[in-house]
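*Asks:* See run-v8.pdb below, with PDB, C-alpha atoms and all ligand atoms.
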```pdb
ATOM      1  CA  MET A   1     129.601 149.028  79.421
ATOM      2  CA  LYS A   2     129.390 152.028  81.685
ATOM      3  CA  VAL A   3     128.599 154.318  78.770
ATOM      4  CA  THR A   4     125.793 152.085  77.544
ATOM      5  CA  LYS A   5     124.204 152.118  80.970
ATOM      6  CA  THR A   6     124.277 155.928  81.179
ATOM      7  CA  VAL A   7     122.680 156.234  77.765
ATOM      8  CA  PHE A   8     119.978 153.795  78.767
ATOM      9  CA  VAL A   9     119.176 155.726  81.962
ATOM     10  CA  SER A  10     118.944 159.042  80.131
ATOM     11  CA  ALA A  11     116.637 157.489  77.585
ATOM     12  CA  MET A  12     114.393 156.257  80.405
ATOM     13  CA  LEU A  13     114.331 159.699  82.003
ATOM     14  CA  ALA A  14     113.469 161.296  78.702
ATOM     15  CA  ALA A  15     110.650 158.803  78.181
ATOM     16  CA  SER A  16     109.141 159.377  81.613
ATOM     17  CA  THR A  17     109.380 163.148  81.272
ATOM     18  CA  ALA A  18     107.536 162.874  77.987
ATOM     19  CA  SER A  19     104.706 160.858  79.489
ATOM     20  CA  PHE A  20     104.295 163.277  82.417
ATOM     21  CA  SER A  21     103.946 166.241  80.106
ATOM     22  CA  HIS A  22     100.715 164.832  78.704
ATOM     23  CA  GLY A  23      98.530 166.560  81.241
ATOM     24  CA  GLU A  24      95.991 163.761  81.619
ATOM     25  CA  ASN A  25      97.785 162.552  84.723
ATOM     26  CA  LYS A  26      96.924 165.753  86.512
ATOM     27  CA  HIS A  27      93.246 164.962  86.925
ATOM     28  CA  SER A  28      93.347 161.204  87.351
ATOM     29  CA  LYS A  29      93.718 161.466  91.149
ATOM     30  CA  GLU A  30      90.731 163.767  91.552
ATOM     31  CA  ALA A  31      88.579 161.596  89.337
ATOM     32  CA  ALA A  32      89.388 158.410  91.260
ATOM     33  CA  PRO A  33      86.349 157.044  93.138
ATOM     34  CA  MET A  34      86.293 157.497  96.905
ATOM     35  CA  LYS A  35      87.011 154.423  98.993
ATOM     36  CA  MET A  36      83.774 152.926 100.328
ATOM     37  CA  GLU A  37      85.166 151.214 103.367
ATOM     38  CA  GLN A  38      82.967 150.092 106.270
ATOM     39  CA  LYS A  39      83.822 152.014 109.416
ATOM     40  CA  GLU A  40      82.518 151.672 112.970
ATOM     41  CA  TRP A  41      80.438 154.799 112.313
ATOM     42  CA  GLY A  42      79.062 153.814 108.899
ATOM     43  CA  ILE A  43      80.108 153.839 105.276
ATOM     44  CA  GLY A  44      80.408 156.358 102.457
ATOM     45  CA  GLY A  45      76.995 157.151 101.002
ATOM     46  CA  HIS A  46      75.826 157.288  97.399
ATOM     47  CA  SER A  47      74.144 160.474  96.291
ATOM     48  CA  ASN A  48      71.227 158.505  94.785
ATOM     49  CA  SER A  49      70.230 157.126  98.211
ATOM     50  CA  ILE A  50      70.189 160.402 100.171
ATOM     51  CA  LYS A  51      67.288 160.466 102.625
ATOM     52  CA  ARG A  52      67.832 163.802 104.257
ATOM     53  CA  ILE A  53      69.881 166.966 104.119
ATOM     54  CA  VAL A  54      71.380 168.262 107.352
ATOM     55  CA  GLU A  55      72.905 171.714 107.334
ATOM     56  CA  ILE A  56      75.904 172.231 109.579
ATOM     57  CA  ARG A  57      77.374 175.674 110.047
ATOM     58  CA  MET A  58      80.931 176.240 111.229
ATOM     59  CA  THR A  59      82.205 179.314 113.020
ATOM     60  CA  ASP A  60      85.524 180.739 114.200
ATOM     61  CA  ASN A  61      84.419 180.488 117.811
ATOM     62  CA  MET A  62      85.063 176.782 117.219
ATOM     63  CA  ARG A  63      81.506 175.595 117.173
ATOM     64  CA  PHE A  64      79.290 173.573 114.880
ATOM     65  CA  SER A  65      75.643 174.427 114.633
ATOM     66  CA  PRO A  66      73.705 172.273 115.281
ATOM     67  CA  GLU A  67      75.891 170.318 117.698
ATOM     68  CA  PHE A  68      73.547 167.362 117.854
ATOM     69  CA  VAL A  69      72.047 165.313 115.019
ATOM     70  CA  GLU A  70      69.606 162.439 115.394
ATOM     71  CA  VAL A  71      69.751 159.750 112.707
ATOM     72  CA  LYS A  72      67.876 156.491 112.061
ATOM     73  CA  GLN A  73      69.986 153.451 111.263
ATOM     74  CA  GLY A  74      70.345 152.996 107.517
ATOM     75  CA  GLU A  75      69.793 156.655 106.647
ATOM     76  CA  THR A  76      72.080 158.270 104.114
ATOM     77  CA  ILE A  77      72.555 161.910 105.033
ATOM     78  CA  ARG A  78      73.868 164.713 102.893
ATOM     79  CA  PHE A  79      75.579 167.115 105.280
ATOM     80  CA  VAL A  80      75.871 170.564 103.800
ATOM     81  CA  HIS A  81      78.600 172.496 105.594
ATOM     82  CA  THR A  82      78.785 176.244 105.495
ATOM     83  CA  ASN A  83      81.872 177.874 106.907
ATOM     84  CA  ASP A  84      80.770 181.230 108.333
ATOM     85  CA  GLY A  85      84.293 181.943 109.565
ATOM     86  CA  LYS A  86      87.447 183.502 108.233
ATOM     87  CA  VAL A  87      89.614 180.404 108.641
ATOM     88  CA  MET A  88      89.411 176.877 107.242
ATOM     89  CA  HIS A  89      87.367 174.314 109.151
ATOM     90  CA  GLU A  90      86.733 170.658 108.556
ATOM     91  CA  PHE A  91      84.045 168.101 109.226
ATOM     92  CA  VAL A  92      85.337 164.662 110.218
ATOM     93  CA  LEU A  93      83.015 161.838 111.274
ATOM     94  CA  GLY A  94      84.140 159.117 113.664
ATOM     95  CA  THR A  95      84.084 157.624 117.111
ATOM     96  CA  LYS A  96      85.448 159.746 119.930
ATOM     97  CA  LYS A  97      88.493 157.490 120.116
ATOM     98  CA  VAL A  98      89.304 157.811 116.421
ATOM     99  CA  LEU A  99      88.749 161.587 116.415
ATOM    100  CA  GLY A 100      91.003 161.954 119.481
ATOM    101  CA  LEU A 101      93.810 159.949 117.871
ATOM    102  CA  HIS A 102      93.415 161.825 114.615
ATOM    103  CA  SER A 103      93.520 165.251 116.274
ATOM    104  CA  ALA A 104      96.742 164.255 118.073
ATOM    105  CA  LEU A 105      98.227 163.309 114.684
ATOM    106  CA  MET A 106      97.100 166.631 113.221
ATOM    107  CA  ARG A 107      98.980 168.486 115.954
ATOM    108  CA  LYS A 108     102.143 166.598 114.987
ATOM    109  CA  PHE A 109     101.621 166.866 111.233
ATOM    110  CA  PRO A 110      99.473 169.943 110.577
ATOM    111  CA  ASN A 111      99.845 169.601 106.811
ATOM    112  CA  MET A 112      98.737 165.985 106.738
ATOM    113  CA  GLU A 113      96.682 165.329 103.629
ATOM    114  CA  HIS A 114      93.499 163.357 103.729
ATOM    115  CA  ASP A 115      90.970 162.237 101.253
ATOM    116  CA  GLU A 116      88.314 160.061 102.839
ATOM    117  CA  PRO A 117      84.544 160.060 102.329
ATOM    118  CA  TYR A 118      83.983 160.881 106.027
ATOM    119  CA  MET A 119      86.004 164.088 106.056
ATOM    120  CA  THR A 120      85.565 167.380 104.267
ATOM    121  CA  HIS A 121      87.600 170.575 104.387
ATOM    122  CA  VAL A 122      85.588 173.770 104.128
ATOM    123  CA  GLY A 123      87.450 176.963 103.265
ATOM    124  CA  ALA A 124      86.483 180.322 104.774
ATOM    125  CA  GLY A 125      83.083 181.416 103.464
ATOM    126  CA  LYS A 126      82.730 178.207 101.426
ATOM    127  CA  LYS A 127      80.066 175.521 101.221
ATOM    128  CA  GLU A 128      80.913 171.807 100.877
ATOM    129  CA  GLU A 129      79.174 168.512 101.521
ATOM    130  CA  THR A 130      79.654 165.034 102.935
ATOM    131  CA  VAL A 131      77.407 162.080 102.078
ATOM    132  CA  TRP A 132      77.438 159.310 104.661
ATOM    133  CA  ASN A 133      75.378 156.180 105.263
ATOM    134  CA  PHE A 134      74.818 155.504 108.980
ATOM    135  CA  ASN A 135      74.404 151.732 108.849
ATOM    136  CA  LYS A 136      75.618 151.190 112.444
ATOM    137  CA  VAL A 137      73.757 152.031 115.637
ATOM    138  CA  GLY A 138      75.596 154.098 118.220
ATOM    139  CA  GLU A 139      76.814 157.456 119.389
ATOM    140  CA  PHE A 140      79.227 159.025 116.962
ATOM    141  CA  TYR A 141      80.848 162.404 116.599
ATOM    142  CA  PHE A 142      81.862 165.029 114.102
ATOM    143  CA  GLY A 143      84.839 167.193 114.811
ATOM    144  CA  CYS A 144      87.087 169.788 113.278
ATOM    145  CA  LEU A 145      90.573 168.378 113.691
ATOM    146  CA  LEU A 146      92.530 171.394 112.542
ATOM    147  CA  PRO A 147      95.143 172.126 115.222
ATOM    148  CA  GLY A 148      93.539 173.829 118.224
ATOM    149  CA  HIS A 149      89.953 173.583 116.968
ATOM    150  CA  TYR A 150      89.038 170.182 118.382
ATOM    151  CA  GLU A 151      90.735 171.091 121.671
ATOM    152  CA  ALA A 152      88.620 174.262 121.805
ATOM    153  CA  GLY A 153      85.483 172.137 121.624
ATOM    154  CA  MET A 154      84.712 172.022 117.903
ATOM    155  CA  LEU A 155      82.792 168.782 118.235
ATOM    156  CA  GLY A 156      79.245 167.575 117.664
ATOM    157  CA  THR A 157      77.319 164.399 118.447
ATOM    158  CA  ILE A 158      75.340 162.098 116.158
ATOM    159  CA  ASN A 159      73.017 159.559 117.682
ATOM    160  CA  VAL A 160      72.131 156.693 115.363
ATOM    161  CA  ALA A 161      69.033 154.919 116.648
ATOM    162  CA  ALA A 162      68.002 151.388 115.652
ATOM    163  CA  LYS A 163      65.292 151.377 112.990
TER     164      LYS A 163
HETATM  165 CU    CU B 201      87.718 174.307 112.765
END
```
As structure tokens, how would this structure be written, given the file I've shared?
Ligand SMILES: [Cu+2]
*Replies:*
Amino acid sequence: MKVTKTVFVSAMLAASTASFSHGENKHSKEAAPMKMEQKEWGIGGHSNSIKRIVEIRMTDNMRFSPEFVEVKQGETIRFVHTNDGKVMHEFVLGTKKVLGLHSALMRKFPNMEHDEPYMTHVGAGKKEETVWNFNKVGEFYFGCLLPGHYEAGMLGTINVAAK
């Protein structure tokens, strides 16, 4: 009985190893569609409804430029981020409360992985983008939550005015 069980388990292992060696699995995660979940500060935007492009530069003196963006409710914005620095920066949209909680988590778990439509990592010297639909009125923020950056003031404001 014991022998049969061992043989069965090895056969299972062999089968799963075989399926992992196919290579198609590797890209399935990247190709998966982003979650379009309604947040207090809006929802992921579709590239076919972009109304405006807003360029945001990031620097190693822990600043975004511009630091203030005015938006009309309902607008889908394509943010184009350029990292002018020599270290990684990120662009994370949210309320001040959510950004504060998130930056505290980042201090605890600096290698925390994320993949959300409202956050984008931008490597040194790189250009990336975030497409977001501001369907809620209010004052929201964008911050770089890499450890030490947010604390140093790497934060900008977005005012979404009623249409
Ligand atoms: Cu940063």
*Asks:* Report as a Markdown table the residues of chain A within 12 Å of ligand CU 201 (chain B), each with its shortest atom pair and distance in Å (one decimal), using only C-alpha atoms and all ligand atoms, ordered by chain and increasing residue number.
*Replies:*
```
| residue | atom | partner | partner_atom | distance |
| --- | --- | --- | --- | --- |
| A:Arg57 | CA | B:CU201 | CU | 10.8 |
| A:Met58 | CA | B:CU201 | CU | 7.2 |
| A:Thr59 | CA | B:CU201 | CU | 7.5 |
| A:Asp60 | CA | B:CU201 | CU | 6.9 |
| A:Asn61 | CA | B:CU201 | CU | 8.6 |
| A:Met62 | CA | B:CU201 | CU | 5.7 |
| A:Arg63 | CA | B:CU201 | CU | 7.7 |
| A:Phe64 | CA | B:CU201 | CU | 8.7 |
| A:His81 | CA | B:CU201 | CU | 11.7 |
| A:Thr82 | CA | B:CU201 | CU | 11.7 |
| A:Asn83 | CA | B:CU201 | CU | 9.0 |
| A:Asp84 | CA | B:CU201 | CU | 10.8 |
| A:Gly85 | CA | B:CU201 | CU | 9.0 |
| A:Lys86 | CA | B:CU201 | CU | 10.3 |
| A:Val87 | CA | B:CU201 | CU | 7.6 |
| A:Met88 | CA | B:CU201 | CU | 6.3 |
| A:His89 | CA | B:CU201 | CU | 3.6 |
| A:Glu90 | CA | B:CU201 | CU | 5.7 |
| A:Phe91 | CA | B:CU201 | CU | 8.0 |
| A:Val92 | CA | B:CU201 | CU | 10.3 |
| A:Ser103 | CA | B:CU201 | CU | 11.3 |
| A:Thr120 | CA | B:CU201 | CU | 11.2 |
| A:His121 | CA | B:CU201 | CU | 9.2 |
| A:Val122 | CA | B:CU201 | CU | 8.9 |
| A:Gly123 | CA | B:CU201 | CU | 9.9 |
| A:Ala124 | CA | B:CU201 | CU | 10.1 |
| A:Phe142 | CA | B:CU201 | CU | 11.1 |
| A:Gly143 | CA | B:CU201 | CU | 7.9 |
| A:Cys144 | CA | B:CU201 | CU | 4.6 |
| A:Leu145 | CA | B:CU201 | CU | 6.6 |
| A:Leu146 | CA | B:CU201 | CU | 5.6 |
| A:Pro147 | CA | B:CU201 | CU | 8.1 |
| A:Gly148 | CA | B:CU201 | CU | 8.0 |
| A:His149 | CA | B:CU201 | CU | 4.8 |
| A:Tyr150 | CA | B:CU201 | CU | 7.1 |
| A:Glu151 | CA | B:CU201 | CU | 9.9 |
| A:Ala152 | CA | B:CU201 | CU | 9.1 |
| A:Gly153 | CA | B:CU201 | CU | 9.4 |
| A:Met154 | CA | B:CU201 | CU | 6.4 |
| A:Leu155 | CA | B:CU201 | CU | 9.2 |
| A:Gly156 | CA | B:CU201 | CU | 11.9 |
```
*Asks:* Counting all atoms listed in the file, select every polymer residue within 9 Å of (80.5, 152.7, 99.6) as defined in the file's coordinates, and provide the selection as a list of chain:residue names.
*Replies:*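 Residues lying no farther than 9 Å from the given point: A:Met34, A:Lys35, A:Met36, A:Glu37, A:Gln38, A:Ile43, A:Gly44, A:Gly45, A:His46, A:Pro117, A:Trp132, A:Asn133.
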*Asks:* Quote the spacing between CA of Trp41 (chain A) and CA of His114 (chain A) in Å to one decimal place.
*Replies:*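 Result for CA of Trp41 (chain A) versus CA of His114 (chain A): 17.8 Å, one decimal.
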*Asks:* For the atom pair CA of Lys96 (chain A) and CA of Phe134 (chain A), what is the interatomic distance in Å to one decimal place?
*Replies:*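 Between CA of Lys96 (chain A) and CA of Phe134 (chain A) the gap is 15.8 Å.
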*Asks:* Report as number ranges by chain the residues that result from applying the PyMOL selection byres (((chain A and resi 162) around 8) and not hetatm) to the structure here.
*Replies:* A: 72-73, 137, 160-161, 163
*Asks:* Distance CA of Val80 (chain A)-CA of Leu93 (chain A), one decimal place?
*Replies:*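 Taking CA of Val80 (chain A) as the start and CA of Leu93 (chain A) as the end point, the length is 13.5 Å.
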*Asks:* Looking at A:Thr95, A:Ser49, A:Thr76, A:Asn111, which one is nearest to Tyr141 (chain A), with distances taken over all atoms listed in the file?
*Replies:*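 Closest to Tyr141 (chain A), using all atoms listed in the file: A:Thr95.
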*Asks:* For Ser47 (chain A), which residue among A:Glu67, A:Met119, A:Phe140, A:Glu129 is the nearest when counting only C-alpha atoms?
*Replies:*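 Closest candidate: A:Glu129.
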*Asks:* Which one of A:Gly42, A:Thr130, A:Thr157, A:Glu113 sits closest to Glu55 (chain A) if you count all atoms listed in the file?
*Replies:* A:Thr130
*Asks:* For region 147-151 of chain A, take all atoms listed in the file, fit an axis-aligned box around them, add 6 Å to each of the six sides, then output centre and edge lengths in Å rounded to one decimal, as JSON.
*Replies:*
```
{"center_x": 92.1, "center_y": 172.0, "center_z": 118.4, "size_x": 18.1, "size_y": 15.6, "size_z": 18.4}
```
*Asks:* I need the residue set behind the PyMOL selection byres (((chain A and resi 70) around 7) and not hetatm) for this file; please write it as a PyMOL selection string.
*Replies:* chain A and resi 68-69+71+158-160
*Asks:* With distances taken over only C-alpha atoms, which residue among A:Ile56, A:Met106, A:Ile50, A:Val98 lies nearest Gly74 (chain A)?
*Replies:*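 Going through A:Ile56, A:Met106, A:Ile50, A:Val98 one by one, the smallest distance to Gly74 (chain A) is for A:Ile50.
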*Asks:* Report as a PDB file with C-alpha atoms, keeping the file's coordinate frame the residues that result from applying the PyMOL selection byres (((chain A and resi 52) around 9) and not hetatm) to the structure here.
*Replies:*
```pdb
ATOM      1  CA  ILE A  50      70.189 160.402 100.171  1.00  0.00           C
ATOM      2  CA  LYS A  51      67.288 160.466 102.625  1.00  0.00           C
ATOM      3  CA  ILE A  53      69.881 166.966 104.119  1.00  0.00           C
ATOM      4  CA  VAL A  54      71.380 168.262 107.352  1.00  0.00           C
ATOM      5  CA  GLU A  75      69.793 156.655 106.647  1.00  0.00           C
ATOM      6  CA  THR A  76      72.080 158.270 104.114  1.00  0.00           C
ATOM      7  CA  ILE A  77      72.555 161.910 105.033  1.00  0.00           C
ATOM      8  CA  ARG A  78      73.868 164.713 102.893  1.00  0.00           C
ATOM      9  CA  PHE A  79      75.579 167.115 105.280  1.00  0.00           C
TER      10      PHE A  79
END
```
*Asks:* Using only C-alpha atoms, which of A:Gly94, A:Gly100, A:Glu116, A:Val131 sits nearest Glu40 (chain A)?
*Replies:*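 Of the candidates, the smallest distance to Glu40 (chain A) is held by A:Gly94.
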